[in-house]
Amino acid sequence: MDLLSLVLTLRPTAAGTPPPRLARAAHAILLQRIAAQDPQLATLLHDEEGPKPLTCSDLLGPRRNGAISPEQTYTLRYTALIAPVAEALANAFTPGETLTFEGVDFSVLDCAPTPAAPSPSAPRPGDLSAAGNPWIGAEEYQTLAARHLLPGEQEARRRWEFLIAAPLAFQTRGKTQPLPLPELFFGSLALRWNAFAPVALPEEGIRRYAEELIAVSRFELRSAPGWERGPGLRIGAIGRITYQALNRDRYWLAVFSLLAEFALYAGVGAMTTAGMGQVRQIAQGE
């Protein structure tokens, strides 16, 4: 298992008002859990430059005036992009234990998928149970690549629709760009794929094709605050967006369909270890 998207279902043990963004605390907790299993891997994840082989979401769930309630459940998602991190992540949390974020305790109700029971690849639309939650997944690079790139394995799509569930932004030319232009969106995915996958993709060709031959055919986006530290604040886009290929080149359609599926694990854009860029492809009929 190279790729893992793990969702924790949490319940506060008492009412509280934690900070609005908890992804950095979630990231720190994960590194602590990995360090307990493999200190060298945890140090590498903390210190290495460039794309990180993991992502962390913020705490997701209902709040009233910023407060959380023990009558509600919340979720937290982690993803891994290489096998050692996927293995460590799969064994990092246990149902029944307690996690503490900024002084607020949460009971872990569920942790899915488990190493013994990976989630199905095609959950039913609207099914948010552990077995059908579209944010849960487990995959191998070779299997994912073969499904899209080998002739006759799967018909390539010309349209890809995405849900952007956390603020998404790109750092380009010294500026923050919150608009998910095709070349930025798919270029980000290609960069992460080539950083970790055993099968390389033509990154510059992907960016050029996306700029020239991928159009935005539909979108419902709005701006939202993402990562912040002190006076620093990064604004991103959230909502839904659909990209459409303007030609029928079988190879390029297969590459972009591969990257669209990879988005679930990789995240898109900047600060994906700090709660930003949580993205997944929307299934037909969803």
# chains A, B, ... in the order shown; residues from 1 in each chain; ligands from 1

$ residues_around --residues "Ala36 (chain A)" --least-positions-apart "3" --cutoff "12 Å" --atoms "only C-alpha atoms" --output "PyMOL selection string"
chain A and resi 29-33+39-43+88-89+91-93

$ write_last_selection --atoms "N, CA and C atoms" --output "JSON list (two decimals), in the first residue's frame"
[["chain", "number", "residue", "atom", "x", "y", "z"],
["A", 29, "ILE", "N", 0.60, 15.90, 16.01],
["A", 29, "ILE", "CA", 0.20, 14.63, 16.62],
["A", 29, "ILE", "C", 0.62, 13.46, 15.75],
["A", 30, "LEU", "N", 0.42, 13.59, 14.43],
["A", 30, "LEU", "CA", 0.81, 12.50, 13.53],
["A", 30, "LEU", "C", 2.31, 12.26, 13.58],
["A", 31, "LEU", "N", 3.11, 13.32, 13.56],
["A", 31, "LEU", "CA", 4.56, 13.14, 13.62],
["A", 31, "LEU", "C", 4.98, 12.46, 14.92],
["A", 32, "GLN", "N", 4.30, 12.80, 16.02],
["A", 32, "GLN", "CA", 4.60, 12.14, 17.29],
["A", 32, "GLN", "C", 4.29, 10.64, 17.20],
["A", 33, "ARG", "N", 3.16, 10.29, 16.58],
["A", 33, "ARG", "CA", 2.79, 8.88, 16.45],
["A", 33, "ARG", "C", 3.78, 8.13, 15.54],
["A", 39, "PRO", "N", 11.51, 6.67, 14.45],
["A", 39, "PRO", "CA", 12.05, 8.02, 14.69],
["A", 39, "PRO", "C", 12.75, 8.62, 13.47],
["A", 40, "GLN", "N", 13.46, 7.80, 12.72],
["A", 40, "GLN", "CA", 14.17, 8.31, 11.54],
["A", 40, "GLN", "C", 13.20, 8.83, 10.49],
["A", 41, "LEU", "N", 12.09, 8.13, 10.27],
["A", 41, "LEU", "CA", 11.09, 8.57, 9.31],
["A", 41, "LEU", "C", 10.45, 9.88, 9.77],
["A", 42, "ALA", "N", 10.14, 10.00, 11.05],
["A", 42, "ALA", "CA", 9.53, 11.23, 11.57],
["A", 42, "ALA", "C", 10.46, 12.41, 11.38],
["A", 43, "THR", "N", 11.75, 12.22, 11.64],
["A", 43, "THR", "CA", 12.73, 13.30, 11.45],
["A", 43, "THR", "C", 12.81, 13.71, 10.00],
["A", 88, "ALA", "N", 2.91, 3.52, 8.60],
["A", 88, "ALA", "CA", 2.93, 4.16, 9.92],
["A", 88, "ALA", "C", 1.58, 4.80, 10.23],
["A", 89, "LEU", "N", 0.97, 5.45, 9.23],
["A", 89, "LEU", "CA", -0.34, 6.08, 9.43],
["A", 89, "LEU", "C", -1.41, 5.06, 9.74],
["A", 91, "ASN", "N", -1.21, 2.46, 11.36],
["A", 91, "ASN", "CA", -1.06, 1.94, 12.72],
["A", 91, "ASN", "C", -0.93, 3.03, 13.78],
["A", 92, "ALA", "N", -1.22, 4.29, 13.39],
["A", 92, "ALA", "CA", -0.96, 5.40, 14.30],
["A", 92, "ALA", "C", -2.09, 5.65, 15.30],
["A", 93, "PHE", "N", -3.31, 5.27, 14.96],
["A", 93, "PHE", "CA", -4.46, 5.60, 15.80],
["A", 93, "PHE", "C", -5.31, 4.36, 16.05]]

$ residues_around --residues "Ser257 (chain A)" --least-positions-apart "3" --cutoff "10 Å" --atoms "only C-alpha atoms" --output "PyMOL selection string"
chain A and resi 145+147-149+154-160+251-254+260-262+281

$ residues_around --residues "region 263-276 of chain A" --least-positions-apart "5" --cutoff "8 Å" --atoms "only C-alpha atoms" --output "PyMOL selection string"
chain A and resi 3-5+21-24+27+52-58+79-81+135+166-171+184-185+188-189+192-193+226-227+281

$ residues_around --residues "region 173-181 of chain A" --least-positions-apart "4" --cutoff "9 Å" --atoms "only C-alpha atoms" --output "list in words"
Pro167, Leu168, Ala169, Phe185, Phe186, Ala210, Glu211, Ala215, Val216, Leu221, Ser223, Arg234, Ile235, Gly236, Ala237, Ile241 and Gly269 of chain A

$ write_last_selection --atoms "C-alpha atoms" --output "compact mmCIF listing (two decimals), in the first residue's frame"
# COMPACT_ATOMS: atom_id res chain seq x y z
CA PRO A 167 -9.06 26.56 0.91
CA LEU A 168 -6.84 25.97 -2.11
CA ALA A 169 -4.12 28.35 -3.28
CA PHE A 185 -4.13 22.60 -10.51
CA PHE A 186 -2.84 19.72 -12.64
CA ALA A 210 -3.45 22.04 -19.27
CA GLU A 211 -2.76 25.66 -20.18
CA ALA A 215 -10.86 24.65 -20.07
CA VAL A 216 -12.87 25.43 -16.95
CA LEU A 221 -16.18 28.88 -5.89
CA SER A 223 -12.84 32.71 -1.16
CA ARG A 234 -3.44 32.86 3.17
CA ILE A 235 -6.72 33.11 1.27
CA GLY A 236 -7.83 30.23 -0.94
CA ALA A 237 -10.79 29.01 -2.97
CA ILE A 241 -14.90 23.12 -10.32
CA GLY A 269 -1.59 23.57 -4.05

$ select_by_dssp --residues "region 40-245 of chain A" --states "strand (DSSP E)" --output "count of residues only"
72

$ closest_residue --among "A:Val279, A:Arg248, A:Cys111, A:Val255" --to "Glu203 (chain A)" --atoms "only C-alpha atoms"
A:Val255

$ select_by_dssp --residues "region 147-210 of chain A" --states "alpha helix (DSSP H)" --output "list in words"
Arg147, His148, Leu149, Pro182, Glu183, Leu184, Phe185, Phe186, Gly187, Ser188, Leu189, Ala190, Leu191, Arg192, Trp193, Asn194, Ala195, Phe196, Glu203, Glu204, Gly205, Ile206, Arg207, Arg208, Tyr209 and Ala210 of chain A

$ write_last_selection --atoms "N, CA, C and O atoms" --output "CSV table (one decimal), in the first residue's frame"
chain,number,residue,atom,x,y,z
A,147,ARG,N,-4.3,1.2,-14.2
A,147,ARG,CA,-5.8,1.4,-14.5
A,147,ARG,C,-6.0,2.4,-15.5
A,147,ARG,O,-7.0,2.3,-16.3
A,148,HIS,N,-5.2,3.4,-15.6
A,148,HIS,CA,-5.4,4.5,-16.5
A,148,HIS,C,-4.5,4.5,-17.8
A,148,HIS,O,-5.0,4.9,-18.9
A,149,LEU,N,-3.3,4.1,-17.6
A,149,LEU,CA,-2.3,4.2,-18.7
A,149,LEU,C,-2.2,3.0,-19.6
A,149,LEU,O,-1.8,3.1,-20.8
A,182,PRO,N,-6.2,25.6,-14.7
A,182,PRO,CA,-5.9,24.3,-15.0
A,182,PRO,C,-4.4,23.9,-14.9
A,182,PRO,O,-4.0,22.9,-14.4
A,183,GLU,N,-3.5,24.8,-15.4
A,183,GLU,CA,-2.1,24.5,-15.4
A,183,GLU,C,-1.5,24.5,-14.0
A,183,GLU,O,-0.6,23.7,-13.7
A,184,LEU,N,-2.1,25.3,-13.1
A,184,LEU,CA,-1.7,25.3,-11.7
A,184,LEU,C,-2.2,24.0,-11.0
A,184,LEU,O,-1.5,23.4,-10.2
A,185,PHE,N,-3.5,23.7,-11.2
A,185,PHE,CA,-4.1,22.6,-10.5
A,185,PHE,C,-3.5,21.3,-10.9
A,185,PHE,O,-3.0,20.5,-10.0
A,186,PHE,N,-3.4,21.0,-12.2
A,186,PHE,CA,-2.8,19.7,-12.6
A,186,PHE,C,-1.3,19.7,-12.5
A,186,PHE,O,-0.7,18.7,-12.4
A,187,GLY,N,-0.7,20.9,-12.7
A,187,GLY,CA,0.7,21.0,-12.5
A,187,GLY,C,1.1,20.6,-11.0
A,187,GLY,O,2.2,20.0,-10.8
A,188,SER,N,0.3,21.0,-10.1
A,188,SER,CA,0.6,20.7,-8.7
A,188,SER,C,0.5,19.2,-8.5
A,188,SER,O,1.4,18.6,-7.8
A,189,LEU,N,-0.5,18.5,-9.1
A,189,LEU,CA,-0.6,17.1,-9.0
A,189,LEU,C,0.5,16.4,-9.6
A,189,LEU,O,1.1,15.4,-9.1
A,190,ALA,N,1.0,16.8,-10.8
A,190,ALA,CA,2.1,16.2,-11.5
A,190,ALA,C,3.4,16.3,-10.7
A,190,ALA,O,4.2,15.4,-10.7
A,191,LEU,N,3.6,17.5,-10.1
A,191,LEU,CA,4.8,17.6,-9.2
A,191,LEU,C,4.8,16.6,-8.1
A,191,LEU,O,5.8,16.0,-7.8
A,192,ARG,N,3.7,16.4,-7.4
A,192,ARG,CA,3.6,15.5,-6.3
A,192,ARG,C,3.8,14.0,-6.8
A,192,ARG,O,4.4,13.2,-6.2
A,193,TRP,N,3.1,13.7,-7.9
A,193,TRP,CA,3.2,12.4,-8.5
A,193,TRP,C,4.7,12.1,-8.8
A,193,TRP,O,5.2,11.0,-8.4
A,194,ASN,N,5.4,13.0,-9.5
A,194,ASN,CA,6.8,12.7,-9.8
A,194,ASN,C,7.7,12.7,-8.6
A,194,ASN,O,8.8,12.1,-8.7
A,195,ALA,N,7.3,13.3,-7.5
A,195,ALA,CA,8.1,13.3,-6.3
A,195,ALA,C,8.1,12.0,-5.6
A,195,ALA,O,9.1,11.6,-5.0
A,196,PHE,N,7.0,11.2,-5.8
A,196,PHE,CA,6.9,10.0,-5.0
A,196,PHE,C,6.6,8.7,-5.8
A,196,PHE,O,6.8,7.6,-5.3
A,203,GLU,N,6.0,16.2,-16.6
A,203,GLU,CA,5.4,17.4,-15.9
A,203,GLU,C,5.2,18.6,-16.7
A,203,GLU,O,4.2,19.3,-16.7
A,204,GLU,N,6.3,19.0,-17.5
A,204,GLU,CA,6.2,20.2,-18.3
A,204,GLU,C,5.1,20.0,-19.4
A,204,GLU,O,4.4,21.0,-19.7
A,205,GLY,N,5.0,18.8,-20.0
A,205,GLY,CA,4.0,18.6,-21.0
A,205,GLY,C,2.6,18.7,-20.4
A,205,GLY,O,1.7,19.2,-21.0
A,206,ILE,N,2.4,18.2,-19.1
A,206,ILE,CA,1.1,18.3,-18.5
A,206,ILE,C,0.8,19.8,-18.2
A,206,ILE,O,-0.4,20.2,-18.5
A,207,ARG,N,1.7,20.6,-17.8
A,207,ARG,CA,1.4,22.0,-17.6
A,207,ARG,C,1.0,22.7,-18.9
A,207,ARG,O,0.1,23.5,-18.9
A,208,ARG,N,1.8,22.4,-19.9
A,208,ARG,CA,1.5,23.0,-21.2
A,208,ARG,C,0.2,22.6,-21.8
A,208,ARG,O,-0.6,23.4,-22.3
A,209,TYR,N,-0.1,21.3,-21.7
A,209,TYR,CA,-1.4,20.8,-22.2
A,209,TYR,C,-2.5,21.4,-21.4
A,209,TYR,O,-3.6,21.8,-22.0
A,210,ALA,N,-2.4,21.5,-20.1
A,210,ALA,CA,-3.5,22.0,-19.3
A,210,ALA,C,-3.7,23.5,-19.6
A,210,ALA,O,-4.8,24.0,-19.7

$ closest_residue --among "A:Leu99, A:Leu44, A:Ile82, A:Leu109" --to "Ala26 (chain A)" --atoms "only C-alpha atoms"
A:Leu99

$ atom_distance --atom1 "CA of Leu259 (chain A)" --atom2 "CA of Gly277 (chain A)"
14.6 Å

$ closest_residue --among "A:Thr242, A:Arg218, A:Ile282, A:Val85" --to "Asp2 (chain A)" --atoms "only C-alpha atoms"
A:Val85

$ closest_residue --among "A:Pro84, A:Gly66, A:Pro225, A:Pro134" --to "Ile34 (chain A)" --atoms "only C-alpha atoms"
A:Pro84

$ atom_distance --atom1 "CA of Leu150 (chain A)" --atom2 "CA of Pro198 (chain A)"
15.5 Å

$ atom_distance --atom1 "CA of Leu213 (chain A)" --atom2 "CA of Asn247 (chain A)"
7.1 Å

$ closest_residue --among "A:Ala138, A:Leu163, A:Ala35, A:Leu8" --to "Ser107 (chain A)" --atoms "only C-alpha atoms"
A:Leu8

$ closest_residue --among "A:Ser69, A:Gln37, A:Gln244, A:Thr13" --to "Thr100 (chain A)" --atoms "only C-alpha atoms"
A:Thr13

$ residues_around --residues "Val108 (chain A)" --least-positions-apart "6" --cutoff "6 Å" --atoms "only C-alpha atoms" --output "count of residues only"
4

$ residues_around --residues "Glu220 (chain A)" --least-positions-apart "6" --cutoff "9 Å" --atoms "only C-alpha atoms" --output "list in words"
Ile238, Gly239, Arg240 and Ile241 of chain A
